[in-house]
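Novice: I'd like to ask some things about the structure below.
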Amino acid sequence: MSVEDLPRKEVNVLKGHEGAVLAARFNGDGNYCLSCGKDRTIRLWNPHRGIHIKTYKSHGREVRDVHVTPDNSKLCSCGGDRQIFYWDVATGRVIRKFRGHDGEVNGVKFNEYSSVVVSAGYDQSLRAWDCRSHSTEPIQIIDTFADSVMSICLTKTEIIGGSVDGTVRTFDIRIGREISDNLGQPVNCVSMSNDGNCILAGCLDSSLRLLDRSTGELLQEYKGHTNKSYKLDCCLTNTDAHITGGSEDGFIYFWDLVDASVVSRFRAHTSVVTSVSYHPKENCMVTSSVDGTIRVWKT
């Protein structure tokens with residue numbers, strides 16, 4: 001994919017949140033996106049047409065993360081009120097609240113069968129919750145981290161967590177094995193390459209690090225942006241040719257995967273860029289910011 005194909009043209013600005021938007025995420029097919037923020041709401045949008053579809057209100061504090069099932073029927077969310085909310089997308093009703101974290105919850109993800117939600121908390125734990133059972137107790141607690149867990153990715157058999165303790169830890173659920181890779185800097189975002197071979201870790205020393213999943217080897221580092229105090233997202237483009245991430249100065253960066261050169265940087269927001277989400281198939285991206293907006297980018 002050439003640099004010309006990167007999504008750098010703003011096509012829509014999604015407005016509605018009052019205050020900082022903490023995350024914006026495409027759904028599985030890229031037709032919709034979800035956002036959440038300081039105003040305690042989750043919002044569903046058609047980003048391509050610039051239309052707000054629905055608002056989900058029930059959280060008592062800011063909402064930090066949201067994830068939707070592949071069939072778009074359920075969503076999960078988390079934040080400052082220490083609870084994981086499990087929602088029906090169509091009706092906007094909360095089906096269940098999972099309580100158990102001793103602090104604010106930073107991240108949530110469904111497994112691929114949408115049967116389990118995994119959450120990452122300030123209480124230094126990862127917790128797994130069964131969406132189908134009526135029990136509100138977690139089915140698994142992973143508490144080997146030495147500091148706040150900020151971000152999670154899931155594979156078919158593994159839970160991967162990034163923590164302020166400087167580690168990216170991979171838990172194989174089938175055999176109960178843990179592998180820890182110490183990056184020596186607080187990790188606030190982990191995301192997987194599309195081929196499943198690499199983990200991209202965003203660290204609070206203004207650096208993104210690419211790790212080989214099988215060996216833990218540090219393959220590359222990406223620098224130029226500023227990330228010292230906020231939780232910022234980073235991800236790979238859908239071809240795995242480029243890395244993208246936000247910066248605390250409102251810029252978006254694109255790096256070449258292989259040689260780590262900055263191939264593009266541009267002012268996207270008037271304040272901190274909290275998240276970037278890349279479309280699964282098209283050259284399209286949504287970004288969110290402390291400035292209260294979500295912006296949609298195409299080529």
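Each chain in the structure tokens gets a letter, A, B, ..., in the order shown, and its residues are numbered from 1; ligands are numbered from 1 in order too.
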With a distance cut-off of 10 Å and only C-alpha atoms, select the neighbouring residues of Gly30 of chain A, excluding the residue or stretch itself and same-chain residues fewer than 4 positions from it, and output the selection as a ChimeraX atom specification.
Specialist: /A:25-26,46-48,277-282,284-285
Novice: With a distance cut-off of 6 Å and only C-alpha atoms, select the neighbouring residues of segment 232-239 of chain A, excluding the residue or stretch itself and same-chain residues fewer than 3 positions from it, and output the selection as a short mmCIF file (atom, residue, chain, number, x, y, z; two decimals) with N, CA and C atoms, in the first residue's frame.
Specialist:
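Dumped everything to result_10.cif:
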```
data_model
loop_
_atom_site.label_atom_id
_atom_site.label_comp_id
_atom_site.auth_asym_id
_atom_site.auth_seq_id
_atom_site.Cartn_x
_atom_site.Cartn_y
_atom_site.Cartn_z
N CYS A 189 -1.34 0.60 25.62
CA CYS A 189 -2.17 0.05 24.55
C CYS A 189 -1.48 -1.17 23.96
N SER A 191 -2.20 -3.89 20.65
CA SER A 191 -3.07 -4.30 19.54
C SER A 191 -2.31 -5.29 18.67
N HIS A 242 1.46 -0.30 7.43
CA HIS A 242 1.79 0.90 8.21
C HIS A 242 1.26 0.77 9.64
N ILE A 243 1.89 1.55 10.50
CA ILE A 243 1.47 1.70 11.90
C ILE A 243 0.82 3.07 12.01
N THR A 244 -0.24 3.17 12.77
CA THR A 244 -0.79 4.50 13.01
C THR A 244 -1.10 4.70 14.49
N GLY A 245 -1.02 5.94 14.92
CA GLY A 245 -1.30 6.27 16.31
C GLY A 245 -1.50 7.75 16.49
N THR A 274 -7.09 10.53 21.48
CA THR A 274 -7.18 9.41 22.42
C THR A 274 -7.24 8.06 21.72
N SER A 275 -7.82 8.01 20.52
CA SER A 275 -7.90 6.70 19.88
C SER A 275 -7.91 6.79 18.37
N VAL A 276 -7.44 5.71 17.76
CA VAL A 276 -7.47 5.54 16.31
C VAL A 276 -8.04 4.15 16.04
N PRO A 280 -11.71 -2.28 8.65
CA PRO A 280 -11.20 -3.63 8.35
C PRO A 280 -10.86 -3.88 6.88
#
```
Novice: Would you pick out the contacts of Ile53 of chain A at 9 Å or less, using only C-alpha atoms, so that residues sharing its chain but fewer than 5 positions from it are not included, and give the list as an MDAnalysis selection string?
Specialist: chainID A and resid 43:46
Novice: Could you jot down the atom CA of Thr270 of chain A to atom CA of Ser163 of chain A separation for me, Å, one decimal place?
Specialist: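 Computed distance, atom CA of Thr270 of chain A to atom CA of Ser163 of chain A, equals 28.0 Å.
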Novice: Do you have the atom CA of Tyr86 of chain A-atom CA of Ile175 of chain A distance handy?
Specialist: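 Calculated distance between atom CA of Tyr86 of chain A and atom CA of Ile175 of chain A is 28.0 Å.
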Novice: Determine, counting only C-alpha atoms, which protein, DNA and RNA residues have an atom within 8 Å of an atom of Val168 of chain A; residues of the same chain fewer than 3 positions away are not included. Present the result as a VMD selection string.
Specialist: chain A and resid 160 to 163 180 to 183 187 190 201
Novice: Those same residues, written as a short mmCIF file (atom, residue, chain, number, x, y, z; two decimals), in the first residue's frame with all heavy atoms?
Specialist:
```
data_model
loop_
_atom_site.label_atom_id
_atom_site.label_comp_id
_atom_site.auth_asym_id
_atom_site.auth_seq_id
_atom_site.Cartn_x
_atom_site.Cartn_y
_atom_site.Cartn_z
N ILE A 160 -4.10 -11.32 26.02
CA ILE A 160 -2.87 -10.54 26.05
C ILE A 160 -3.17 -9.21 26.73
O ILE A 160 -4.12 -8.51 26.34
CB ILE A 160 -2.34 -10.30 24.63
CG1 ILE A 160 -2.05 -11.65 23.94
CG2 ILE A 160 -1.07 -9.44 24.66
CD1 ILE A 160 -2.17 -11.62 22.45
N GLY A 161 -2.41 -8.88 27.76
CA GLY A 161 -2.64 -7.65 28.51
C GLY A 161 -1.41 -6.78 28.55
O GLY A 161 -0.28 -7.28 28.65
N GLY A 162 -1.62 -5.47 28.45
CA GLY A 162 -0.53 -4.50 28.58
C GLY A 162 -0.71 -3.71 29.85
O GLY A 162 -1.81 -3.27 30.16
N SER A 163 0.38 -3.51 30.58
CA SER A 163 0.28 -2.91 31.92
C SER A 163 1.28 -1.79 32.15
O SER A 163 2.36 -1.74 31.54
CB SER A 163 0.48 -4.01 32.97
OG SER A 163 0.63 -3.47 34.27
N SER A 180 5.65 -13.52 29.83
CA SER A 180 5.76 -12.09 30.12
C SER A 180 6.90 -11.49 29.33
O SER A 180 8.03 -11.99 29.36
CB SER A 180 5.98 -11.89 31.61
OG SER A 180 6.12 -10.51 31.89
N ASP A 181 6.62 -10.41 28.59
CA ASP A 181 7.66 -9.66 27.89
C ASP A 181 7.76 -8.30 28.56
O ASP A 181 6.79 -7.55 28.60
CB ASP A 181 7.29 -9.48 26.41
CG ASP A 181 7.24 -10.81 25.68
OD1 ASP A 181 8.26 -11.53 25.71
OD2 ASP A 181 6.19 -11.14 25.10
N ASN A 182 8.94 -7.99 29.09
CA ASN A 182 9.13 -6.74 29.82
C ASN A 182 9.72 -5.68 28.89
O ASN A 182 10.84 -5.82 28.42
CB ASN A 182 10.04 -6.97 31.03
CG ASN A 182 10.03 -5.76 31.96
OD1 ASN A 182 9.41 -4.74 31.65
ND2 ASN A 182 10.72 -5.87 33.07
N LEU A 183 8.94 -4.62 28.67
CA LEU A 183 9.40 -3.55 27.78
C LEU A 183 10.10 -2.43 28.54
O LEU A 183 10.68 -1.54 27.94
CB LEU A 183 8.21 -2.98 27.00
CG LEU A 183 7.45 -3.99 26.15
CD1 LEU A 183 6.36 -3.30 25.36
CD2 LEU A 183 8.39 -4.71 25.20
N VAL A 187 3.08 0.38 29.62
CA VAL A 187 2.35 0.06 28.39
C VAL A 187 0.90 0.50 28.57
O VAL A 187 0.25 0.14 29.56
CB VAL A 187 2.40 -1.46 28.10
CG1 VAL A 187 1.59 -1.81 26.85
CG2 VAL A 187 3.84 -1.94 27.97
N VAL A 190 -2.25 -2.24 23.75
CA VAL A 190 -1.75 -3.37 22.96
C VAL A 190 -2.74 -3.65 21.84
O VAL A 190 -3.94 -3.61 22.05
CB VAL A 190 -1.53 -4.66 23.80
CG1 VAL A 190 -0.28 -4.55 24.65
CG2 VAL A 190 -2.74 -5.01 24.65
N ALA A 201 2.71 -2.41 20.92
CA ALA A 201 2.52 -1.90 22.28
C ALA A 201 2.84 -0.41 22.31
O ALA A 201 3.94 0.00 21.92
CB ALA A 201 3.41 -2.65 23.26
#
```
Novice: Could I get the residues of segment 97-170 of chain A with an atom no further than 9 Å from an atom of segment 64-73 of chain A, each paired with its nearest atom pair and that distance in Å to one decimal, using only C-alpha atoms, sorted by chain and residue number, as JSON lines?
Specialist:
```
{"residue": "A:Val105", "atom": "CA", "partner": "A:Arg64", "partner_atom": "CA", "distance": 7.5}
{"residue": "A:Asn106", "atom": "CA", "partner": "A:Arg64", "partner_atom": "CA", "distance": 5.9}
{"residue": "A:Gly107", "atom": "CA", "partner": "A:Asp65", "partner_atom": "CA", "distance": 5.3}
{"residue": "A:Val108", "atom": "CA", "partner": "A:Asp65", "partner_atom": "CA", "distance": 6.2}
{"residue": "A:Lys109", "atom": "CA", "partner": "A:His67", "partner_atom": "CA", "distance": 5.8}
{"residue": "A:Phe110", "atom": "CA", "partner": "A:Thr69", "partner_atom": "CA", "distance": 6.6}
{"residue": "A:Asn111", "atom": "CA", "partner": "A:Thr69", "partner_atom": "CA", "distance": 8.5}
{"residue": "A:Glu112", "atom": "CA", "partner": "A:Pro70", "partner_atom": "CA", "distance": 7.6}
{"residue": "A:Tyr113", "atom": "CA", "partner": "A:Thr69", "partner_atom": "CA", "distance": 8.3}
{"residue": "A:Ser114", "atom": "CA", "partner": "A:Thr69", "partner_atom": "CA", "distance": 5.8}
```
Novice: Write out as number ranges by chain which residues come within 7 Å of Val272 of chain A when counting only C-alpha atoms, dropping same-chain ones fewer than 4 positions away.
Specialist: A: 247-250, 289-290
Novice: When you count only C-alpha atoms, which of these residues is closest to Ser148 of chain A: A:Arg213, A:His269, A:Lys231, A:Arg174?
Specialist: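 Of the candidates, the smallest distance to Ser148 of chain A is held by A:Lys231.
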Novice: Find the residues around segment 83-85 of chain A up to 9 Å (only C-alpha atoms counted), leave out those fewer than 3 positions away in its own chain, and share them as number ranges by chain.
Specialist: A: 58-59, 75-80, 94-101, 103-105, 108, 117, 119
Novice: Would you save the residues of that selection, restricted to C-alpha atoms, as an mmCIF file, in the first residue's frame?
Specialist:
```cif
data_model
loop_
_atom_site.group_PDB
_atom_site.id
_atom_site.type_symbol
_atom_site.label_atom_id
_atom_site.label_comp_id
_atom_site.auth_asym_id
_atom_site.auth_seq_id
_atom_site.Cartn_x
_atom_site.Cartn_y
_atom_site.Cartn_z
ATOM 1 C CA SER A 58 -26.371 4.022 32.239
ATOM 2 C CA HIS A 59 -22.784 4.452 33.401
ATOM 3 C CA LEU A 75 -21.954 -4.373 23.293
ATOM 4 C CA CYS A 76 -19.809 -4.191 26.396
ATOM 5 C CA SER A 77 -18.398 -1.110 28.049
ATOM 6 C CA CYS A 78 -16.408 -0.091 31.102
ATOM 7 C CA GLY A 79 -15.040 2.896 32.923
ATOM 8 C CA GLY A 80 -14.786 4.897 36.094
ATOM 9 C CA VAL A 94 -28.399 -3.084 29.981
ATOM 10 C CA ILE A 95 -28.693 -6.866 30.112
ATOM 11 C CA ARG A 96 -26.165 -7.331 32.900
ATOM 12 C CA LYS A 97 -23.608 -5.499 35.009
ATOM 13 C CA PHE A 98 -20.482 -7.333 36.074
ATOM 14 C CA ARG A 99 -18.997 -6.100 39.357
ATOM 15 C CA GLY A 100 -15.791 -7.217 40.981
ATOM 16 C CA HIS A 101 -12.986 -4.880 39.962
ATOM 17 C CA GLY A 103 -10.969 0.159 40.782
ATOM 18 C CA GLU A 104 -11.691 1.828 37.490
ATOM 19 C CA VAL A 105 -11.825 -0.414 34.417
ATOM 20 C CA VAL A 108 -13.022 -4.498 27.583
ATOM 21 C CA VAL A 117 -16.060 -10.445 28.096
ATOM 22 C CA SER A 119 -11.804 -6.623 31.285
#
```
Novice: Could you pull out all residues of segment 61-233 of chain A with a DSSP call of strand (DSSP E or B) and give them as a ChimeraX atom specification?
Specialist: /A:63-68,74-79,83-88,94-99,105-110,116-121,126-130,140-142,149-154,158-163,167-172,177-182,187-192,198-203,207-212,218-223
Novice: Looking at A:Asp88, A:Asp256, A:Asp102, A:Asp240, which one is nearest to Tyr56 of chain A, with distances taken over only C-alpha atoms?
Specialist: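 Selected residue with least distance to Tyr56 of chain A: A:Asp88.
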Novice: If we count only C-alpha atoms, what is near Pro138 of chain A at a cut-off of 7 Å, once residues fewer than 3 positions away on the same chain are taken out, given as an MDAnalysis selection string?
Specialist: chainID A and resid 127:129 141
Novice: With only C-alpha atoms as the basis for distance, which of A:Ile42, A:Ala260, A:Leu126, A:Ile51 is at the shortest distance from Val89 of chain A?
Specialist: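 That would be A:Ile42, the residue with the smallest distance to Val89 of chain A.
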Novice: Nearest residue to Asp81 of chain A out of A:Arg209, A:Arg61, A:Gln185, A:Arg93, using only C-alpha atoms?
Specialist: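 Looking at the shortest contact to Asp81 of chain A, the residue is A:Arg61.
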Novice: Return the single residue from A:Val116, A:Asp205, A:Glu178, A:Phe266 that is closest to Gly166 of chain A, with distances computed using only C-alpha atoms.
Specialist: A:Asp205
Novice: From the list A:Val63, A:Val3, A:Leu211, A:Ile159, which residue is nearest Ser261 of chain A when using only C-alpha atoms?
Specialist: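 Between A:Val63, A:Val3, A:Leu211, A:Ile159, the residue approaching Ser261 of chain A most closely is A:Val3.
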